[in-house]
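Asker: Pasting in a structure now, in structure tokens, and then I'll have a few things to ask.
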Amino acid sequence: MLLSFTFAINNFSMNMRTFSKLFIASILLVFMCGKTIAQNATLTVNQDEKITQLLKLKKDLEKENKLSDGYTIQLYYGELDKANQILRKYRSNFSNWPASIEYETPNYKVWAGNFSTRIEAERALLEIQNDFSSAFILKPERRK
């Protein structure tokens with residue numbers, strides 16, 4: 001009796017190993033078949049030509065600080081002639097950051113850079129202050 005019980009346990013153990021191997025093999029087979037039978041598709045996008053123009057316009061406006069919500073560096077505040085001189089001097093010394101002249105009645109401002117974080121603006125300010133000692137960081141209101 002003991003011998004038949006031991007034989008039954010060994011037989012059950014072998015059946016479980018065989019079952020687990022078959023189970024794993026069948027799961028792998030299902031995934032492999034699914035991979036080879038997967039569908040292939042082609043997508044065609046019909047886009048208006050004006051979208052490309054609008055994206056270019058947006059890029060240019062961002063480059064000129066017109067859409068910024070971040071920080072900028074003010075180099076000058078005053079008369080137009082002096083603002084143009086400051087802008088030319090800035091552009092001849094720095095090409096890393098864009099600069100523009102902004103008008104606020106009755107004066108003109110020279111703004112440089114378009115920084116998303118204050119720390120980026122502070123790093124740039126350290127370089128810019130070598131040539132423009134009165135430069136400072138500001139966070140302008142969103143322009144319309």
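Ordered as shown in the structure tokens, chains take letters A, B, and onward, while each chain numbers its residues from 1 and ligands are numbered from 1 in the order shown.
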Set the distance at 10 Å and use only C-alpha atoms: which residues neighbour region 125-130 of chain A once local chain neighbours fewer than 3 positions away are removed? I'd like the list as a ChimeraX atom specification.

Answerer: /A:72-75,90,93-94,112-113,119-122,133-137

Asker: Pull N, CA and C atoms from the residues just selected and write them as a short mmCIF file (atom, residue, chain, number, x, y, z; two decimals), in the first residue's frame.

Answerer:
```cif
data_model
loop_
_atom_site.label_atom_id
_atom_site.label_comp_id
_atom_site.auth_asym_id
_atom_site.auth_seq_id
_atom_site.Cartn_x
_atom_site.Cartn_y
_atom_site.Cartn_z
N THR A 72 12.77 87.55 -18.59
CA THR A 72 13.62 88.21 -19.56
C THR A 72 14.57 89.14 -18.82
N ILE A 73 15.54 89.65 -19.52
CA ILE A 73 16.51 90.56 -18.92
C ILE A 73 16.35 91.92 -19.58
N GLN A 74 16.15 92.93 -18.77
CA GLN A 74 16.02 94.28 -19.31
C GLN A 74 17.39 94.94 -19.29
N LEU A 75 17.80 95.41 -20.47
CA LEU A 75 19.10 96.04 -20.60
C LEU A 75 19.02 97.56 -20.52
N TYR A 90 24.39 94.83 -27.94
CA TYR A 90 24.05 93.52 -27.40
C TYR A 90 24.17 92.44 -28.48
N ASN A 93 27.65 91.36 -29.31
CA ASN A 93 28.36 90.62 -28.27
C ASN A 93 27.72 89.29 -27.89
N PHE A 94 26.41 89.19 -28.06
CA PHE A 94 25.68 88.00 -27.62
C PHE A 94 24.75 87.51 -28.72
N ALA A 112 16.22 91.18 -23.43
CA ALA A 112 17.04 90.10 -23.99
C ALA A 112 16.65 88.78 -23.34
N GLY A 113 16.59 87.75 -24.16
CA GLY A 113 16.35 86.42 -23.65
C GLY A 113 14.89 86.10 -23.44
N ILE A 119 16.34 80.63 -12.72
CA ILE A 119 17.75 80.26 -12.63
C ILE A 119 18.45 80.37 -13.99
N GLU A 120 17.73 80.05 -15.07
CA GLU A 120 18.31 80.24 -16.41
C GLU A 120 18.58 81.72 -16.66
N ALA A 121 17.64 82.56 -16.27
CA ALA A 121 17.80 84.00 -16.45
C ALA A 121 18.98 84.52 -15.62
N GLU A 122 19.14 84.02 -14.42
CA GLU A 122 20.23 84.48 -13.56
C GLU A 122 21.59 84.08 -14.13
N SER A 133 26.02 96.67 -17.10
CA SER A 133 26.02 96.57 -15.64
C SER A 133 24.65 96.88 -15.02
N SER A 134 23.81 97.62 -15.70
CA SER A 134 22.51 97.96 -15.12
C SER A 134 21.41 96.96 -15.49
N ALA A 135 21.76 95.89 -16.17
CA ALA A 135 20.78 94.89 -16.58
C ALA A 135 20.18 94.19 -15.35
N PHE A 136 18.91 93.82 -15.47
CA PHE A 136 18.25 93.10 -14.38
C PHE A 136 17.18 92.17 -14.96
N ILE A 137 16.76 91.22 -14.14
CA ILE A 137 15.77 90.22 -14.54
C ILE A 137 14.37 90.74 -14.23
#
```

Asker: Enumerate the residues of region 11-140 of chain A with a DSSP assignment of alpha helix (DSSP H), computed from the backbone, and present them as an NGL selection string.

Answerer: :A and (11-36 or 49-63 or 80-93 or 118-128)

Asker: Quick check, in Å to one decimal: how far apart do CA of Ser92 (chain A) and CA of Tyr77 (chain A) lie?

Answerer: 19.3 Å

Asker: Using CA of Tyr71 (chain A) and CA of Thr52 (chain A) as the two end points, give the distance in Å to one decimal.

Answerer: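 Separation between CA of Tyr71 (chain A) and CA of Thr52 (chain A): 27.6 Å.
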
Asker: Looking at A:Thr44, A:Asn96, A:Asn84, A:Gln53, which one is nearest to Tyr108 (chain A), with distances taken over only C-alpha atoms?

Answerer: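 With only C-alpha atoms as the atom set, the closest residue is A:Asn84.
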
Asker: What does the distance between CA of Phe115 (chain A) and CA of Lys139 (chain A) come to in Å, to one decimal place?

Answerer: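 Between CA of Phe115 (chain A) and CA of Lys139 (chain A) the gap works out to 9.5 Å.
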